[in-house]
Protein chains: 4
Amino acid sequence: MSEKKTKVAILGATGSVGQKFIELLSDHPWFEISELAASDRSAGKKYSDAVNWVMAAPLRRELADKIVLNCIPTLESKIVFSALDASVAGTIEEDFAKAGYIVISNSRNHRFDETVPLMVPEVNAGHLEMIKHQGYSGAIVTNPNCSTIGLVLALKPVIDNFGIEALNVVTMQAVSGGGYPGVPSMDILDNVIPFIGGEEDKMEREPLKIFGSLNNAFKVDPASMKISAQCNRVSVIDGHTECVQVKLKRKASKEELIKVWNNFSAEPQALSLPFAPVNPVVYLEGERSPQPRMNRNLGRGMAASVGRLRECPLFDYKFVVLSHNTIRGAAGGTILIAELMKAKGYLGN
Amino acid sequence: MSEKKTKVAILGATGSVGQKFIELLSDHPWFEISELAASDRSAGKKYSDAVNWVMAAPLRRELADKIVLNCIPTLESKIVFSALDASVAGTIEEDFAKAGYIVISNSRNHRFDETVPLMVPEVNAGHLEMIKHQGYSGAIVTNPNCSTIGLVLALKPVIDNFGIEALNVVTMQAVSGGGYPGVPSMDILDNVIPFIGGEEDKMEREPLKIFGSLNNAFKVDPASMKISAQCNRVSVIDGHTECVQVKLKRKASKEELIKVWNNFSAEPQALSLPFAPVNPVVYLEGERSPQPRMNRNLGRGMAASVGRLRECPLFDYKFVVLSHNTIRGAAGGTILIAELMKAKGYLGN
Amino acid sequence: MSEKKTKVAILGATGSVGQKFIELLSDHPWFEISELAASDRSAGKKYSDAVNWVMAAPLRRELADKIVLNCIPTLESKIVFSALDASVAGTIEEDFAKAGYIVISNSRNHRFDETVPLMVPEVNAGHLEMIKHQGYSGAIVTNPNCSTIGLVLALKPVIDNFGIEALNVVTMQAVSGGGYPGVPSMDILDNVIPFIGGEEDKMEREPLKIFGSLNNAFKVDPASMKISAQCNRVSVIDGHTECVQVKLKRKASKEELIKVWNNFSAEPQALSLPFAPVNPVVYLEGERSPQPRMNRNLGRGMAASVGRLRECPLFDYKFVVLSHNTIRGAAGGTILIAELMKAKGYLGN
Amino acid sequence: MSEKKTKVAILGATGSVGQKFIELLSDHPWFEISELAASDRSAGKKYSDAVNWVMAAPLRRELADKIVLNCIPTLESKIVFSALDASVAGTIEEDFAKAGYIVISNSRNHRFDETVPLMVPEVNAGHLEMIKHQGYSGAIVTNPNCSTIGLVLALKPVIDNFGIEALNVVTMQAVSGGGYPGVPSMDILDNVIPFIGGEEDKMEREPLKIFGSLNNAFKVDPASMKISAQCNRVSVIDGHTECVQVKLKRKASKEELIKVWNNFSAEPQALSLPFAPVNPVVYLEGERSPQPRMNRNLGRGMAASVGRLRECPLFDYKFVVLSHNTIRGAAGGTILIAELMKAKGYLGN
C-alpha cells in the first residue's frame, strides 16, 4: 500500500449516510476525503453551514470549513462514494462513471443494472470483474440494502456448506434506516410500523443477485433460492434484527451450523482490509441474544451476530440475525468495498 | 338475564392481570366483584394497601377498602376469575374446582389438562361441554396465551372457509405482556429482545387444541396444522403485532379472504355478550396498518385487526395481525368466556 | 341552546391540530363541521386524499368525502377554527375577521395583538369583551401555547387566593406538541432535547397577558409576576409535565393550596359547557403523580393534574403540573373557547 | 508508578454498578481486579453463573471463571471498590475499614459521616486528608450521587471565579441510574416519573459538603449556598440532563462563564490520571446541546457538558448540564478517586 492516501469525494455529503461516511472515514489509513458534494441548495456553502450534523462524533474543523461542491463530474478525486438520494442518484452516478470516475454507491438505482456488481465483500468479491465490462471509462459498484447485508453475511457460510433452498425473513428495523429526519417520533414511540416502502421487494430480490454466479458474459445468473420477506420498523436507533428461517439443501446439525458461522472468513479477512471484522459472523450463545443495543457494535459495527438457532417445524432451522444498519449496512459496507477494490488493484495505484 | 348481578371473586387480585380484571369489571352489566383474594403477603390488608395500582383508571373506593382474602375455597362468590401466578395457580385452581367453584383462568397451568377447555368464545364455544366431564363438582376453563388469542381469532374464518395446512408467525409483543414490574426498561429502550420464555411453545401448541374437535369422550382431538412461531419483545406498551404466513387447503383470492374476515361473526356476537366486539376481526386497508398504538383499542380492545394481506412466495399469503394483549389477550378475553358461560347457562342461574 | 347545531369550518384541516379538531368535534352537541379548508396544495381534493390521517379514531365517511376548500373568506360557516401554520395564519385569520367571521385560533400570530384576547376559559373569560373593540366586523380570539395552558389552569386558584410573585417552570414536553411529522425519531429515542424553538419566550410572556386585567380601553394591563421558563422535549407521545416553583404574595399552608386546587371551578363549569371538565384542576396524592401516560386523559384530556406539592428552599412551594397538550393544550382548549362564546352570546344565535 | 498493578477487589460485583466497575477496569493501567465479592446468594459460585451480565462489552474469561467470595474482610486485595446495595453497605464497609482496607464506595451510607470525604477529584481533592483522622486502620472514601457529580463539576469553576449564592436544579435522569432490573418498562415508555426516592434530598445536601472547607479538626464546614432540586426519571438509557439556574455572588458575563468552563482543569488533569478527561467541563455551542445520546460519552464518559447558557429573569443565569451517570456518575468517578489516591500516595506503594 502506498504511503500517500487515496483522495475520495462524497456525493450527497449532507444527508445522514453522507455524514456517516465522513464520521467513518476520519483517520482511515488508506482514504482521505478531499471533496464534499451535495445538491444545488448546499453547493457553494461551507459544509458546516450546509449540514445539520446529527452524528455523535464532532465534525472535524478541516471538513467543516470545506466549500460544498456540485455533484458534477469535475471533481479532483477519482474515487467517489455516493450517498445520493434515489431521486437523483441514477443520472448523477452514470455521469460520473462515464467521465471516468469510480463510483461506489449506497443508492439503490443501479443495483440491478446487469453490468453492475451488487457487492458484499465477504460474499461475492469475484463479481468485481463485472466492472471491466460496463462500457464506462469509470465504473459503478453498488452496496445492497441495509437489511440485506447482515442477512447475506450470515447466510454465506450456510449456503457454501449446506445450500439453501428456501428463506423466510421477518425484520425489525431501526429508525436510522429511514435517514434523517426520517421516521417521525409520533409514528414509532409505543408503536411498530409493519411496513417499509420497497424494502420487502429488495430483500426478496437482492440476495439472488449477490449469491448468483458470474457467467461468461460477465453478467450474474441469479441464485435460485425462494425468498419471502416481511419488514417492520421498530423503536430502535441502530441495528436491524431479523428472524430467519431456512430450508437447507443438505442436512446439517446445529453444531455444524454454529461452526461454519464462527469459522467463516473470506477475502477481506485474508487481505486484512482495515474495515474488515476479524470474524464477519459471530454466533452468540444464550437464548436472549442477539440484541441490537447490546450487539450492534460487534466488530466495530461491521460483523453480523447470529443467535437462537433452533429446529423449525416448517423449515429446517430458525435463528436470529443482527447487524448494524448504518455501519455494515450502509457507509461502512461501502467503504469495505472500496478497500477491497483498492487491495485488488481496481482503483489504479 | 336476571336483574341481580352475579358475584365474582378475583384470585391474584394484586398483580397486573388482577388489576386489569378490576378495571374492566367496573360497571359490568352482569358481574360484580364481591371478593379479592391474593397471596398470604397481601391477605388481611386493605386492597389499596396491598396493591401497587398501575392501571390508568383510578381505583374505586369500594374496592380499595375491601380486605384482601386468602386464595382458599371459602369464598362466597361461586365464580372466580384466576389471575394467579403460574407458580401457584395449578393447585389453587384445582382446590377451588373440587370445592364446587367455577374457575375461569388466565393462567397457563391447566390449559392442557385433557378435560379442560382452552377457550376463545368466537372460536370454540362448543368445547365448553367438556366441563361437564371434568370430575370436579365445580369446573376449570382456561384462556389461552395473549399472543395466541388475536391470532386464532384472525385465523378462525380462514380455517372455516379455506382450511390452513401450515402457519408461520413472528411476533413483536408489548411489554405489558410481561406483567409488572416485568420487562426492565434497560432491556427494551432502544432494543428488541428476540426471546420470551415459553412463548413459542405455547403458540405452536395452543392453536391445535383450540381448533381441535371434541370427540365422543369429550376430549379434544387436536387440529393437524403445522405451526412455527418466533416471539420477540419490542418497545410497545400494549398490543401484540404478528407477521403471519399461511398455506391454505383450498385456494382463496385476496378479496375472499378480506370478505371472510370482515363478515366474521360467532356465538358471542349472536348472543350480544357485553364484551363481544361487533366485529371480532376487522381488515384495515392501507399498507401501514395495523399498528399497535393506532389500532389496539378497536372494539374496546376486544377485536383483532388484520392488514397488509399479500401473496407470499413461500406460503400462500402473508398478513399482519394485531390485538390488545391485556384486554382481549388476558382479562377481557377471560371475562368474555364468563359471559358466554352465563348466557349459555353454565353458571347456574 | 337551539336544537340546530352551529356550523363551523376548520382552517388548516389537514395538519395534526386540524385532525384533532375533527376527532374532537365528532358528535359535538353544539357544533358541526360543515367545511374543511387547507392550503392550495390540498384544496380541490377529497379530504381523505389530501390528509395523512394520524389520529387513532377512524376518519368518518362524511368528512372523508368532503372536498377541501381554500382558506379564503368565502366559507358558509361563520365560525372558523384555525389550525393554520404560523407562516400563513397571520394574514388569513385577519382576512376572515375583516370579512365578518369569528376566528378562534390555535396559532400564535395574533396572541399579542392588543385587541385580541388570549383565552383560557376558566381563567380570563372576562377578556372576551375585547372582541367588541377589535375593529373587525368579525373577531379573532386566540388560544395560548400548549405548555402555557395547563400551567395557568393550575396557577389560577393559587393567584386568586394567595397571589404569585415569582414563577419558575421547567417543562418536559411531549412530541405531539411538535406536530406531524414534527420531532424526528432519531432525535428523541434514548434522548432529551433541551430546547424547543420560541417556547420559553411564550411561557414567560403569555401568562402575564392571561392573568392581566382589562382596562377601560378594553386592553389588557399585564400581570406583574416574574417568570422564568426552561423547555425540554422528552420521549412521551402526549402530555406536558412541568416542574413548577412559586413565591406567593400571602402565606399558604400545603393543605390550603390543595384545597383551592380541588375546589377550583369557574364559568365553564357553572355554564356546564360540553368540554368543561367537572374539576379543571385535580390534586393527585402519592409521591409519583402526576405522570403523562397515567393522568393525561383526566377529565377527557381537559383537566390539569397537580402533584408532589412540597416546600421549596428557594421559593415557597414546588409542585408538578401535567396536562394533555393536544386536547386541553390545543384543539380541545380552542373548542372550549367556542363553547364559552356560544353560551355567552358572542356567536350570535 | 510501579510496574506491577495494584490489586483491587469489588464488593457487590454482581449488580449493575459492580458490572460497570468490571467493564471499566478491564485494561486499567494501574489497577487489576483480583477478587469479586457479593452476597451470600452468589458467594461460592463462578462469577459467570452468579451474574446476569448486562454490559455491552463481553465478560472476560478470566473474570467469568473467578469464584465469587463473601463480603468479609479476609480478601487479599487491600483496596476495595464498593458497589454494595445501601441495605448492607453501611456495616460491611465499616468492617473492611476497621480491618485495614481502603474502601472507595459508590454507596450512600457513609457519605455524611463527619470523617468521611465525599469526593469529586476535580472539586475537593484536599478533603482526602480527612481519612487520616477517621479512626480506622483502613479508610472509607465516598463518591456522591450520580446526579450530583456532573452538577458539581460544572459548578466548580463558577464557584471559584464568581461564587454561587443560590442554585436551582431540575433533573431528567436516565433509567440506568435505577440499576438493573430497576425501572420497569411499563413505568417509563411514553412516560415521565416525576419522582426518584431520596434523590432530591441528596442533591440539596451533597454539594454543600463537597464545596465545604476542611477545618482544623479535619471535618468539613459545609458551604452556605441555598439549593432546591427536583428530580425526574425519563426514557433515556444513560446520561442525566439537568436544567440549572444560579444566582452568583459576583457579576459575570456569558463570555466569562463560558471561558471558565472551557479552561477548567484541576489536580486529576495536572496528574494526568488515566480516567481524568482532558477537559472536565466542555461548553457546547448551539441551542440544542447538550443531549444525552449525543454528548454523554464526551471524555470517554468522564466529562460534563454544558450548554444553552442564557440570562434568567429570576436568577442570574440558566443553563443545561449533562453527564454520564454510570461512568462519571458511578463506577468511573469512583475509579478516578482511586487513581487520585494512588497518585497522591494514599494507597501505600
# chains A, B, ... in the order shown; residues from 1 in each chain; ligands from 1
>>> interface_residues(of="chain B", to="chain A", cutoff="6 Å", atoms="only C-alpha atoms", output="list in words")
Asp190, Asn191, Val192, Ile193, Phe195, Ser228, Val236, Ile237, Arg288, Gln291, Pro292, Arg293 and Pro313 of chain B
>>> write_last_selection(atoms="N, CA, C and O atoms", output="short mmCIF file (atom, residue, chain, number, x, y, z; two decimals), in the first residue's frame")
data_model
loop_
_atom_site.label_atom_id
_atom_site.label_comp_id
_atom_site.auth_asym_id
_atom_site.auth_seq_id
_atom_site.Cartn_x
_atom_site.Cartn_y
_atom_site.Cartn_z
N ASP B 190 -34.49 1.38 23.13
CA ASP B 190 -33.52 1.25 22.02
C ASP B 190 -33.12 -0.22 21.82
O ASP B 190 -31.97 -0.52 21.56
N ASN B 191 -34.08 -1.13 21.95
CA ASN B 191 -33.71 -2.54 21.88
C ASN B 191 -34.90 -3.42 21.48
O ASN B 191 -36.06 -2.98 21.49
N VAL B 192 -34.57 -4.63 21.10
CA VAL B 192 -35.52 -5.71 20.86
C VAL B 192 -34.97 -6.92 21.62
O VAL B 192 -33.76 -7.14 21.61
N ILE B 193 -35.82 -7.66 22.31
CA ILE B 193 -35.38 -8.92 22.92
C ILE B 193 -35.99 -10.05 22.10
O ILE B 193 -37.20 -10.23 22.10
N PHE B 195 -36.62 -13.00 22.39
CA PHE B 195 -36.91 -14.18 23.19
C PHE B 195 -37.94 -13.84 24.26
O PHE B 195 -37.83 -12.83 24.94
N SER B 228 -45.08 -22.88 13.12
CA SER B 228 -43.79 -22.42 13.65
C SER B 228 -43.94 -21.00 14.15
O SER B 228 -44.52 -20.15 13.46
N VAL B 236 -43.16 -1.43 23.04
CA VAL B 236 -44.55 -1.04 22.87
C VAL B 236 -45.24 -1.32 24.21
O VAL B 236 -44.93 -2.32 24.85
N ILE B 237 -46.14 -0.46 24.63
CA ILE B 237 -46.84 -0.66 25.91
C ILE B 237 -47.87 -1.78 25.80
O ILE B 237 -47.84 -2.74 26.55
N ARG B 288 -49.87 0.60 5.74
CA ARG B 288 -49.19 0.81 7.02
C ARG B 288 -49.98 0.28 8.21
O ARG B 288 -49.59 0.48 9.36
N GLN B 291 -51.33 -1.00 13.34
CA GLN B 291 -50.26 -0.55 14.22
C GLN B 291 -50.76 -0.60 15.67
O GLN B 291 -51.87 -0.16 15.95
N PRO B 292 -49.92 -1.02 16.60
CA PRO B 292 -50.41 -1.16 17.98
C PRO B 292 -50.98 0.12 18.58
O PRO B 292 -52.07 0.11 19.14
N ARG B 293 -50.26 1.24 18.45
CA ARG B 293 -50.76 2.45 19.11
C ARG B 293 -52.05 2.96 18.46
O ARG B 293 -52.88 3.59 19.13
N PRO B 313 -44.26 -15.70 -1.52
CA PRO B 313 -43.50 -16.62 -2.38
C PRO B 313 -43.31 -18.03 -1.77
O PRO B 313 -43.04 -18.97 -2.49
#
>>> residues_around(residues="region 64-73 of chain C", least_positions_apart="4", cutoff="12 Å", atoms="only C-alpha atoms", output="PyMOL selection string")
chain C and resi 9-14+19+22+33-53+58-60+77-85+88-89+91-103+138
>>> select_by_dssp(residues="region 166-243 of chain C", states="strand (DSSP E)", output="JSON, numbers by chain")
{"C": [166, 167, 168, 169, 170, 171, 172, 173, 213, 214, 220, 221, 226, 227, 228, 229, 230, 231, 232, 233, 240, 241, 242, 243]}
>>> write_last_selection(atoms="N, CA, C and O atoms", output="tab-separated table (two decimals), in the first residue's frame")
chain	number	residue	atom	x	y	z
C	166	ALA	N	-43.42	35.29	42.00
C	166	ALA	CA	-42.41	34.77	41.07
C	166	ALA	C	-42.75	33.32	40.74
C	166	ALA	O	-43.24	32.57	41.60
C	167	LEU	N	-42.44	32.96	39.50
C	167	LEU	CA	-42.81	31.65	38.97
C	167	LEU	C	-41.64	31.09	38.19
C	167	LEU	O	-41.10	31.74	37.30
C	168	ASN	N	-41.24	29.88	38.54
C	168	ASN	CA	-40.18	29.21	37.80
C	168	ASN	C	-40.74	27.90	37.28
C	168	ASN	O	-41.41	27.17	38.01
C	169	VAL	N	-40.50	27.61	35.99
C	169	VAL	CA	-41.06	26.39	35.43
C	169	VAL	C	-40.06	25.73	34.48
C	169	VAL	O	-39.39	26.40	33.71
C	170	VAL	N	-39.94	24.41	34.63
C	170	VAL	CA	-39.11	23.61	33.72
C	170	VAL	C	-40.03	22.54	33.15
C	170	VAL	O	-40.64	21.78	33.90
C	171	THR	N	-40.13	22.49	31.83
C	171	THR	CA	-41.08	21.57	31.21
C	171	THR	C	-40.40	20.33	30.63
C	171	THR	O	-39.23	20.36	30.25
C	172	MET	N	-41.17	19.26	30.56
C	172	MET	CA	-40.78	18.04	29.83
C	172	MET	C	-41.95	17.76	28.89
C	172	MET	O	-42.97	17.23	29.31
C	173	GLN	N	-41.80	18.14	27.63
C	173	GLN	CA	-42.94	18.21	26.72
C	173	GLN	C	-42.99	17.03	25.74
C	173	GLN	O	-41.96	16.53	25.28
C	213	SER	N	-55.30	42.39	33.66
C	213	SER	CA	-56.67	42.87	33.87
C	213	SER	C	-57.07	43.81	32.74
C	213	SER	O	-56.26	44.56	32.20
C	214	LEU	N	-58.32	43.73	32.39
C	214	LEU	CA	-58.87	44.52	31.30
C	214	LEU	C	-59.00	45.96	31.77
C	214	LEU	O	-59.58	46.22	32.83
C	220	VAL	N	-55.44	44.83	27.76
C	220	VAL	CA	-55.01	44.11	28.95
C	220	VAL	C	-53.78	44.75	29.57
C	220	VAL	O	-52.76	44.93	28.89
C	221	ASP	N	-53.88	45.14	30.83
C	221	ASP	CA	-52.69	45.52	31.59
C	221	ASP	C	-52.08	44.24	32.12
C	221	ASP	O	-52.71	43.52	32.91
C	226	LYS	N	-42.97	37.77	38.00
C	226	LYS	CA	-41.72	37.44	37.28
C	226	LYS	C	-41.72	35.96	36.92
C	226	LYS	O	-42.04	35.12	37.76
C	227	ILE	N	-41.33	35.64	35.71
C	227	ILE	CA	-41.39	34.24	35.24
C	227	ILE	C	-40.08	33.83	34.57
C	227	ILE	O	-39.53	34.58	33.76
C	228	SER	N	-39.62	32.65	34.89
C	228	SER	CA	-38.52	32.05	34.13
C	228	SER	C	-38.95	30.65	33.68
C	228	SER	O	-39.47	29.87	34.47
C	229	ALA	N	-38.73	30.34	32.40
C	229	ALA	CA	-39.14	29.04	31.85
C	229	ALA	C	-37.99	28.35	31.14
C	229	ALA	O	-37.19	29.00	30.47
C	230	GLN	N	-37.93	27.05	31.30
C	230	GLN	CA	-36.97	26.23	30.55
C	230	GLN	C	-37.76	25.07	29.94
C	230	GLN	O	-38.49	24.39	30.66
C	231	CYS	N	-37.59	24.84	28.65
C	231	CYS	CA	-38.43	23.87	27.95
C	231	CYS	C	-37.62	22.74	27.33
C	231	CYS	O	-36.64	22.99	26.63
C	232	ASN	N	-38.06	21.52	27.57
C	232	ASN	CA	-37.38	20.33	27.08
C	232	ASN	C	-38.35	19.42	26.36
C	232	ASN	O	-39.52	19.32	26.73
C	233	ARG	N	-37.85	18.74	25.35
C	233	ARG	CA	-38.65	17.74	24.64
C	233	ARG	C	-38.22	16.36	25.14
C	233	ARG	O	-37.02	16.06	25.18
C	240	HIS	N	-47.80	17.20	28.64
C	240	HIS	CA	-46.65	18.01	29.07
C	240	HIS	C	-46.57	17.97	30.59
C	240	HIS	O	-47.54	18.29	31.29
C	241	THR	N	-45.40	17.63	31.11
C	241	THR	CA	-45.15	17.60	32.55
C	241	THR	C	-44.31	18.82	32.90
C	241	THR	O	-43.33	19.10	32.22
C	242	GLU	N	-44.69	19.53	33.96
C	242	GLU	CA	-43.99	20.77	34.27
C	242	GLU	C	-43.63	20.83	35.76
C	242	GLU	O	-44.48	20.63	36.62
C	243	CYS	N	-42.36	21.07	36.04
C	243	CYS	CA	-41.89	21.26	37.41
C	243	CYS	C	-41.98	22.75	37.73
C	243	CYS	O	-41.29	23.55	37.10
>>> select_by_dssp(residues="region 56-279 of chain D", states="alpha helix (DSSP H)", output="ChimeraX atom specification")
/D:61-64,86-98,121-124,146-162,185-188,199-210,254-263,267-270
>>> residues_around(residues="region 277-284 of chain C", least_positions_apart="3", cutoff="8 Å", atoms="only C-alpha atoms", output="list in words")
Glu122, Leu153, Ala154, Ile258, Trp261, Asn262, Asn263, Phe264, Ser265, Gln269, Ser289, Pro290, Gly299, Arg300, Met302, Ala303, Ala304, Ser305, Val306, Gly307 and Arg308 of chain C
>>> atom_distance(atom1="CA of Asn106 (chain A)", atom2="CA of Arg296 (chain A)")
19.8 Å
>>> residues_around(residues="Leu118 (chain C)", least_positions_apart="5", cutoff="6 Å", atoms="only C-alpha atoms", output="PDB file with all heavy atoms, in the first residue's frame")
ATOM      1  N   ARG C 111     -51.731  36.356  19.100  1.00  0.00           N
ATOM      2  CA  ARG C 111     -51.875  36.274  20.558  1.00  0.00           C
ATOM      3  C   ARG C 111     -51.562  37.575  21.272  1.00  0.00           C
ATOM      4  O   ARG C 111     -52.118  37.857  22.322  1.00  0.00           O
ATOM      5  CB  ARG C 111     -50.969  35.162  21.110  1.00  0.00           C
ATOM      6  CG  ARG C 111     -51.502  33.779  20.830  1.00  0.00           C
ATOM      7  CD  ARG C 111     -50.586  32.707  21.395  1.00  0.00           C
ATOM      8  NE  ARG C 111     -50.981  31.390  20.901  1.00  0.00           N
ATOM      9  CZ  ARG C 111     -50.180  30.329  20.834  1.00  0.00           C
ATOM     10  NH1 ARG C 111     -48.924  30.431  21.255  1.00  0.00           N
ATOM     11  NH2 ARG C 111     -50.617  29.183  20.377  1.00  0.00           N
ATOM     12  N   THR C 142     -57.765  34.007  20.553  1.00  0.00           N
ATOM     13  CA  THR C 142     -56.660  33.038  20.462  1.00  0.00           C
ATOM     14  C   THR C 142     -56.555  32.174  21.717  1.00  0.00           C
ATOM     15  O   THR C 142     -56.953  32.573  22.806  1.00  0.00           O
ATOM     16  CB  THR C 142     -55.302  33.742  20.255  1.00  0.00           C
ATOM     17  OG1 THR C 142     -55.082  34.629  21.359  1.00  0.00           O
ATOM     18  CG2 THR C 142     -55.266  34.502  18.947  1.00  0.00           C
ATOM     19  N   ASN C 143     -56.014  31.024  21.478  1.00  0.00           N
ATOM     20  CA  ASN C 143     -55.731  30.015  22.497  1.00  0.00           C
ATOM     21  C   ASN C 143     -54.231  30.107  22.785  1.00  0.00           C
ATOM     22  O   ASN C 143     -53.447  30.230  21.857  1.00  0.00           O
ATOM     23  CB  ASN C 143     -56.047  28.654  21.843  1.00  0.00           C
ATOM     24  CG  ASN C 143     -56.101  27.512  22.813  1.00  0.00           C
ATOM     25  OD1 ASN C 143     -56.599  27.663  23.904  1.00  0.00           O
ATOM     26  ND2 ASN C 143     -55.590  26.358  22.395  1.00  0.00           N
TER      27      ASN C 143
END
>>> residues_around(residues="Gly179 (chain D)", least_positions_apart="5", cutoff="8 Å", atoms="only C-alpha atoms", output="ChimeraX atom specification")
/D:15-17
>>> residues_around(residues="Asp316 (chain A)", least_positions_apart="6", cutoff="8 Å", atoms="only C-alpha atoms", output="list in words")
Gln245, Val246, Lys247 and Leu248 of chain A
>>> residues_around(residues="Lys132 (chain C)", least_positions_apart="4", cutoff="9 Å", atoms="only C-alpha atoms", output="JSON, numbers by chain")
{"C": [115, 128, 136, 139, 218]}
>>> atom_distance(atom1="CA of Asn297 (chain B)", atom2="CA of Gly212 (chain B)")
29.1 Å
>>> atom_distance(atom1="CA of Val54 (chain D)", atom2="CA of Lys20 (chain D)")
9.2 Å
